[in-house]
Amino acid sequence: MKKQVPVEVQLLMLESTYAGYRASQQRLWRELYDVMGIRPMQESTVELIGSVCMIIGRLKNRIEQLEVTEAASDHDN
């Protein structure tokens, strides 16, 4: 017969796992703030995500412009 782990020990194990996930998540958010050049707490997470989406959109538009320009210059030659 298998001995059950006490509920208190299970809870401590879950809390420890959760703390590890939370620390990892916070580290990733801090890294994203650093990449974006924004001090943490200067913008909310929602604002940060919005900023990232806008930058990605601008970069996609710029890539499309460059591709069109390149295609036009290839066509002219």
# chains A, B, ... in the order shown; residues from 1 in each chain; ligands from 1
>>> closest_atom_pairs(of="segment 9-34 of chain A", to="segment 39-54 of chain A", cutoff="12 Å", atoms="only C-alpha atoms", output="Markdown table")
| residue | atom | partner | partner_atom | distance |
| --- | --- | --- | --- | --- |
| A:Gln26 | CA | A:Pro40 | CA | 10.5 |
| A:Arg27 | CA | A:Pro40 | CA | 11.2 |
| A:Leu28 | CA | A:Pro40 | CA | 11.8 |
| A:Trp29 | CA | A:Thr45 | CA | 8.4 |
| A:Arg30 | CA | A:Pro40 | CA | 6.7 |
| A:Glu31 | CA | A:Pro40 | CA | 9.7 |
| A:Leu32 | CA | A:Leu48 | CA | 8.6 |
| A:Tyr33 | CA | A:Pro40 | CA | 6.1 |
| A:Asp34 | CA | A:Arg39 | CA | 7.1 |
>>> write_last_selection(atoms="N, CA, C and O atoms", output="PDB file, in the first residue's frame")
ATOM      1  N   GLN A  26       8.265  36.857 -13.700  1.00  0.00           N
ATOM      2  CA  GLN A  26       8.682  38.225 -13.391  1.00  0.00           C
ATOM      3  C   GLN A  26      10.017  38.557 -14.055  1.00  0.00           C
ATOM      4  O   GLN A  26      10.209  39.662 -14.562  1.00  0.00           O
ATOM      5  N   ARG A  27      10.928  37.596 -14.084  1.00  0.00           N
ATOM      6  CA  ARG A  27      12.217  37.803 -14.739  1.00  0.00           C
ATOM      7  C   ARG A  27      12.021  38.070 -16.233  1.00  0.00           C
ATOM      8  O   ARG A  27      12.627  38.977 -16.805  1.00  0.00           O
ATOM      9  N   LEU A  28      11.134  37.290 -16.863  1.00  0.00           N
ATOM     10  CA  LEU A  28      10.877  37.480 -18.295  1.00  0.00           C
ATOM     11  C   LEU A  28      10.266  38.846 -18.576  1.00  0.00           C
ATOM     12  O   LEU A  28      10.631  39.507 -19.557  1.00  0.00           O
ATOM     13  N   TRP A  29       9.339  39.293 -17.721  1.00  0.00           N
ATOM     14  CA  TRP A  29       8.748  40.617 -17.910  1.00  0.00           C
ATOM     15  C   TRP A  29       9.808  41.702 -17.746  1.00  0.00           C
ATOM     16  O   TRP A  29       9.840  42.671 -18.507  1.00  0.00           O
ATOM     17  N   ARG A  30      10.701  41.553 -16.746  1.00  0.00           N
ATOM     18  CA  ARG A  30      11.769  42.540 -16.550  1.00  0.00           C
ATOM     19  C   ARG A  30      12.671  42.588 -17.781  1.00  0.00           C
ATOM     20  O   ARG A  30      13.084  43.673 -18.215  1.00  0.00           O
ATOM     21  N   GLU A  31      12.973  41.433 -18.345  1.00  0.00           N
ATOM     22  CA  GLU A  31      13.802  41.395 -19.554  1.00  0.00           C
ATOM     23  C   GLU A  31      13.109  42.108 -20.712  1.00  0.00           C
ATOM     24  O   GLU A  31      13.749  42.831 -21.475  1.00  0.00           O
ATOM     25  N   LEU A  32      11.800  41.912 -20.842  1.00  0.00           N
ATOM     26  CA  LEU A  32      11.058  42.580 -21.910  1.00  0.00           C
ATOM     27  C   LEU A  32      11.063  44.093 -21.696  1.00  0.00           C
ATOM     28  O   LEU A  32      11.257  44.856 -22.646  1.00  0.00           O
ATOM     29  N   TYR A  33      10.868  44.537 -20.456  1.00  0.00           N
ATOM     30  CA  TYR A  33      10.943  45.972 -20.163  1.00  0.00           C
ATOM     31  C   TYR A  33      12.321  46.505 -20.556  1.00  0.00           C
ATOM     32  O   TYR A  33      12.435  47.582 -21.145  1.00  0.00           O
ATOM     33  N   ASP A  34      13.389  45.761 -20.237  1.00  0.00           N
ATOM     34  CA  ASP A  34      14.747  46.190 -20.581  1.00  0.00           C
ATOM     35  C   ASP A  34      14.925  46.302 -22.093  1.00  0.00           C
ATOM     36  O   ASP A  34      15.481  47.279 -22.591  1.00  0.00           O
TER      37      ASP A  34
END
>>> atom_distance(atom1="atom CA of Ala19 of chain A", atom2="atom CA of Ile38 of chain A")
25.1 Å
>>> select_by_dssp(residues="segment 15-66 of chain A", states="helix (DSSP H, G or I)", output="PyMOL selection string")
chain A and resi 15-36+45-66
>>> atom_distance(atom1="atom CA of Val35 of chain A", atom2="atom CA of Ile56 of chain A")
13.3 Å
>>> atom_distance(atom1="atom CA of Met36 of chain A", atom2="atom CA of Thr17 of chain A")
29.0 Å
